[in-house]
Amino acid sequence: MARMGAVELLAEPVELRCGAKLPHRIAKSALSEQLGDRRNRPSAELVELYRTWARGGSGLLCTGNVMVDPAALGEPRNVALPEKPDAAEYRTWADAVSGTDAQLWVQLNHPGRQSPRFLSRQPVAPSAVPFESRGIRSVFAPPRELTGDEIEAIIDRFALAAMTFVEAGFGGVQLHGAHGYLISQFLSPLTNRRTDVWGQRRSRFLLEVVRAVRGAIGDHVPLSVKLNSADFQRGGFTEEESLAVVRELGEAGIDLLEVSGGTYERAAMMGMTRESTSRREAYFLDYATKARKVTDVALMVTGGFSTADGMADAVRFGALDVIGLGRPLTVAPDLVGRLLDGEEIGAERLCPKTGVKLADSWLEIQWHTQQMHRIAAGKPVDRRRGALRSLVHAGVSDPLNAFRRVRG
């Protein structure tokens with residue numbers, strides 16, 4: 001059995017600045033489900049997936065990428081807000097957590113230049129900066145620089161999306177400001193080379209989105225931001241800059257900050273090997289400790305946690321308030337409930353390896369996505385699913401396809 005002190009600590013409610021309470025300290029972090037229908041609306045399978053996770057004990061469920069512009073998709077099966085949204089279309093999804101203590105928050109995003117060629121011939125970005133890597137450039141077309149009016153319109157889309165999902169019954173909103181998507185692109189000097197107000201202060205776009213969303217959802221609905229601790233690229237968004245943004249976000253009134261890192265070009269969030277993943281996770285915890293010194297916003301860190309004792313130790317250390325679990329919940333959707341019951345169970349890593357770094361990065365995504373799709377279809381998890389079967393199922397023809405469905 002896990003130390004009961006650990007279970008009791010993890011079972012403690014977390015009160016957020018806005019007055020809302022999370023039922024306990026373990027959350028399901030965002031995973032790109034790829035379960036929107038052909039019109040980019042929530043499918044019945046998506047609802048079933050979240051119903052299963054809610055019944056499995058997660059206190060907070062963050063959805064995967066919900067795109068605020070239907071013309072700007074990161075993946076073909078993203079849920080995306082239509083031009084004229086109707087909150088009623090999302091109520092069944094919101095109701096997936098009914099009968100449980102779980103809160104369901106929508107993660108809102110815009111891909112910026114990270115919209116593949118087969119979805120967007122000319123994506124938009126803060127500046128017209130293509131990817132440096134020739135391989136990645138073969139997947140993503142060079143972006144066009146946004147005009148000032150277009151930037152304002154995107155801010156309005158974030159606010160409209162937030163209001164729509166809250167009206168539908170979602171308990172909170174998370175803004176995806178990490179992993180090289182549009183908000184992250186505005187923050188980085190590598191991708192934001194503007195000389196106007198949006199470039200002179202690179203945090204302005206994120207802060208304006210926060211302001212607009214807060215105005216749309218009110219003061220008592222939780223508002224979260226997922227932020228890169230750094231881009232891990234030379235000349236990119238640094239830890240020092242990130243901590244300055246953390247301070248600004250605290251002053252702007254967000255309720256929960258989730259720590260992450262990396263971009264498509266430097267994919268720290270994907271974890272190419274177990275060794276690099278462990279270094280990344282230690283870095284995120286170290287960063288969270290520094291962030292604690294500049295803000296009193298509740299902090300969430302995802303990745304690397306395998307036991308209740310280890311999770312509780314991180315909380316006791318003071319680095320974070322909320323433990324995020326992602327891929328472990330695709331193989332054990334009831335993991336959180338079992339941990340909180342004191343069961344001696346770990347967050348397993350079962351994905352097979354090929355030994356080819358780029359292929360394994362793609363495999364890691366596809367293997368877990370396929371497990372989510374099994375859960376959504378009411379099927380049991382296939383823990384023995386092999387690398388070849390997963391790659392063939394995904395239709396991989398070459399390793400560069402790895403970048404077509406990288407999640408948020």
# chains A, B, ... in the order shown; residues from 1 in each chain; ligands from 1

call {"tool": "select_by_dssp", "arguments": {"residues": "stretch 138-310 of chain A", "states": "strand (DSSP E)", "output": "PyMOL selection string"}}
result
chain A and resi 144-145+172-177+223-228+256-260+298-302

call {"tool": "residues_around", "arguments": {"residues": "stretch 26-37 of chain A", "least_positions_apart": "2", "cutoff": "7 Å", "atoms": "only C-alpha atoms", "output": "ChimeraX atom specification"}}
result
/A:10,24,39-43,45-46,58-65,77-79,302,322-326,336,369,407-408

call {"tool": "residues_around", "arguments": {"residues": "A:Asn192", "least_positions_apart": "4", "cutoff": "9 Å", "atoms": "only C-alpha atoms", "output": "PyMOL selection string"}}
result
chain A and resi 125-129+185-188+198-199+202

call {"tool": "residues_around", "arguments": {"residues": "A:Asp286", "least_positions_apart": "5", "cutoff": "12 Å", "atoms": "only C-alpha atoms", "output": "ChimeraX atom specification"}}
result
/A:229,239,259-260,279-281,291-293,301,314,317-320

call {"tool": "write_last_selection", "arguments": {"atoms": "all heavy atoms", "output": "compact mmCIF listing (two decimals), in the first residue's frame"}}
result
# COMPACT_ATOMS: atom_id res chain seq x y z
N SER A 229 8.34 26.49 -20.11
CA SER A 229 9.41 26.95 -19.22
C SER A 229 10.54 27.54 -20.06
O SER A 229 11.25 28.44 -19.62
CB SER A 229 9.94 25.79 -18.38
OG SER A 229 10.37 24.73 -19.21
N GLU A 239 14.25 30.73 -20.07
CA GLU A 239 13.66 30.55 -18.75
C GLU A 239 13.43 31.89 -18.06
O GLU A 239 12.40 32.10 -17.42
CB GLU A 239 14.58 29.68 -17.89
CG GLU A 239 14.05 29.44 -16.49
CD GLU A 239 15.01 28.69 -15.62
OE1 GLU A 239 15.15 27.46 -15.78
OE2 GLU A 239 15.65 29.33 -14.75
N VAL A 259 3.10 23.87 -16.30
CA VAL A 259 4.46 24.02 -16.82
C VAL A 259 4.72 22.96 -17.89
O VAL A 259 4.48 21.78 -17.69
CB VAL A 259 5.49 23.87 -15.68
CG1 VAL A 259 6.91 23.92 -16.23
CG2 VAL A 259 5.27 24.95 -14.63
N SER A 260 5.26 23.41 -19.03
CA SER A 260 5.66 22.49 -20.08
C SER A 260 6.89 23.06 -20.77
O SER A 260 7.57 23.92 -20.21
CB SER A 260 4.51 22.25 -21.07
OG SER A 260 4.79 21.12 -21.89
N ARG A 279 15.39 13.98 -17.77
CA ARG A 279 16.06 15.28 -17.61
C ARG A 279 15.05 16.41 -17.76
O ARG A 279 15.07 17.39 -17.01
CB ARG A 279 17.17 15.43 -18.65
CG ARG A 279 18.39 14.56 -18.40
CD ARG A 279 19.59 15.10 -19.16
NE ARG A 279 19.33 15.23 -20.57
CZ ARG A 279 19.59 14.30 -21.49
NH1 ARG A 279 20.08 13.13 -21.09
NH2 ARG A 279 19.34 14.50 -22.76
N ARG A 280 14.15 16.28 -18.74
CA ARG A 280 13.13 17.29 -18.96
C ARG A 280 12.25 17.44 -17.74
O ARG A 280 11.96 18.55 -17.29
CB ARG A 280 12.28 16.89 -20.17
CG ARG A 280 11.08 17.82 -20.41
CD ARG A 280 9.98 17.07 -21.16
NE ARG A 280 9.41 16.04 -20.32
CZ ARG A 280 8.42 15.25 -20.71
NH1 ARG A 280 7.94 15.34 -21.92
NH2 ARG A 280 7.94 14.33 -19.89
N GLU A 281 11.81 16.29 -17.17
CA GLU A 281 10.90 16.35 -16.04
C GLU A 281 11.55 16.95 -14.81
O GLU A 281 10.93 17.71 -14.06
CB GLU A 281 10.35 14.95 -15.77
CG GLU A 281 9.37 14.52 -16.85
CD GLU A 281 9.28 13.03 -17.05
OE1 GLU A 281 10.05 12.30 -16.38
OE2 GLU A 281 8.46 12.59 -17.87
N ALA A 291 9.29 29.33 -10.31
CA ALA A 291 8.04 30.04 -10.57
C ALA A 291 7.29 30.34 -9.28
O ALA A 291 6.63 31.37 -9.15
CB ALA A 291 7.16 29.22 -11.51
N ARG A 292 7.41 29.43 -8.32
CA ARG A 292 6.75 29.61 -7.02
C ARG A 292 7.20 30.90 -6.34
O ARG A 292 6.44 31.52 -5.59
CB ARG A 292 7.08 28.41 -6.13
CG ARG A 292 6.49 28.48 -4.75
CD ARG A 292 5.00 28.20 -4.77
NE ARG A 292 4.75 26.77 -4.89
CZ ARG A 292 3.56 26.25 -5.17
NH1 ARG A 292 2.54 27.04 -5.39
NH2 ARG A 292 3.39 24.95 -5.25
N LYS A 293 8.42 31.32 -6.65
CA LYS A 293 8.97 32.51 -5.99
C LYS A 293 8.44 33.81 -6.60
O LYS A 293 8.60 34.87 -6.01
CB LYS A 293 10.49 32.49 -6.08
CG LYS A 293 11.13 31.31 -5.34
CD LYS A 293 12.64 31.31 -5.52
CE LYS A 293 13.26 30.12 -4.80
NZ LYS A 293 14.75 30.07 -4.98
N VAL A 301 2.42 20.47 -12.76
CA VAL A 301 3.50 19.89 -13.56
C VAL A 301 3.06 18.50 -14.01
O VAL A 301 2.53 17.72 -13.22
CB VAL A 301 4.82 19.80 -12.77
CG1 VAL A 301 5.88 19.07 -13.59
CG2 VAL A 301 5.31 21.19 -12.38
N ALA A 314 6.60 15.49 -4.24
CA ALA A 314 6.72 16.71 -5.03
C ALA A 314 5.86 17.82 -4.46
O ALA A 314 6.26 18.99 -4.44
CB ALA A 314 6.33 16.43 -6.48
N PHE A 317 7.53 19.03 -1.24
CA PHE A 317 8.71 19.83 -1.55
C PHE A 317 8.34 21.27 -1.87
O PHE A 317 9.16 22.18 -1.74
CB PHE A 317 9.45 19.20 -2.74
CG PHE A 317 10.70 19.92 -3.15
CD1 PHE A 317 11.80 19.95 -2.32
CD2 PHE A 317 10.77 20.59 -4.37
CE1 PHE A 317 12.96 20.61 -2.70
CE2 PHE A 317 11.92 21.25 -4.75
CZ PHE A 317 13.02 21.27 -3.91
N GLY A 318 7.09 21.48 -2.25
CA GLY A 318 6.61 22.84 -2.49
C GLY A 318 6.70 23.28 -3.93
O GLY A 318 6.43 24.45 -4.24
N ALA A 319 7.07 22.37 -4.85
CA ALA A 319 7.25 22.76 -6.24
C ALA A 319 5.94 22.92 -6.98
O ALA A 319 5.88 23.62 -8.00
CB ALA A 319 8.12 21.74 -6.97
N LEU A 320 4.88 22.28 -6.50
CA LEU A 320 3.63 22.30 -7.26
C LEU A 320 2.44 22.04 -6.36
O LEU A 320 2.58 21.64 -5.20
CB LEU A 320 3.68 21.25 -8.38
CG LEU A 320 4.11 19.83 -7.99
CD1 LEU A 320 2.93 19.02 -7.50
CD2 LEU A 320 4.76 19.12 -9.16

call {"tool": "select_by_dssp", "arguments": {"residues": "stretch 164-277 of chain A", "states": "helix (DSSP H, G or I)", "output": "PyMOL selection string"}}
result
chain A and resi 164-168+182-187+197-200+204-217+239-252+274-277

call {"tool": "decode", "arguments": {"residues": "stretch 40-67 of chain A", "atoms": "C-alpha atoms", "output": "short mmCIF file (atom, residue, chain, number, x, y, z; two decimals), in the first residue's frame"}}
result
data_model
loop_
_atom_site.label_atom_id
_atom_site.label_comp_id
_atom_site.auth_asym_id
_atom_site.auth_seq_id
_atom_site.Cartn_x
_atom_site.Cartn_y
_atom_site.Cartn_z
CA ASN A 40 -14.87 19.17 -36.28
CA ARG A 41 -17.55 18.75 -33.63
CA PRO A 42 -17.28 16.45 -30.59
CA SER A 43 -18.03 12.85 -31.52
CA ALA A 44 -19.87 10.30 -29.37
CA GLU A 45 -16.54 8.52 -28.95
CA LEU A 46 -14.96 11.67 -27.53
CA VAL A 47 -17.74 11.96 -24.97
CA GLU A 48 -17.30 8.31 -23.98
CA LEU A 49 -13.56 8.79 -23.53
CA TYR A 50 -14.09 11.62 -21.06
CA ARG A 51 -16.89 9.79 -19.30
CA THR A 52 -14.47 6.91 -18.71
CA TRP A 53 -11.73 9.20 -17.40
CA ALA A 54 -14.16 11.02 -15.10
CA ARG A 55 -15.39 7.72 -13.63
CA GLY A 56 -11.76 6.69 -13.27
CA GLY A 57 -11.21 9.30 -10.59
CA SER A 58 -9.37 12.26 -12.20
CA GLY A 59 -10.21 15.46 -10.35
CA LEU A 60 -9.52 17.79 -13.27
CA LEU A 61 -9.84 16.82 -16.92
CA CYS A 62 -8.26 19.14 -19.50
CA THR A 63 -9.38 18.50 -23.07
CA GLY A 64 -6.91 18.32 -25.93
CA ASN A 65 -6.56 21.03 -28.56
CA VAL A 66 -9.85 22.77 -29.30
CA MET A 67 -9.07 25.17 -32.12
#
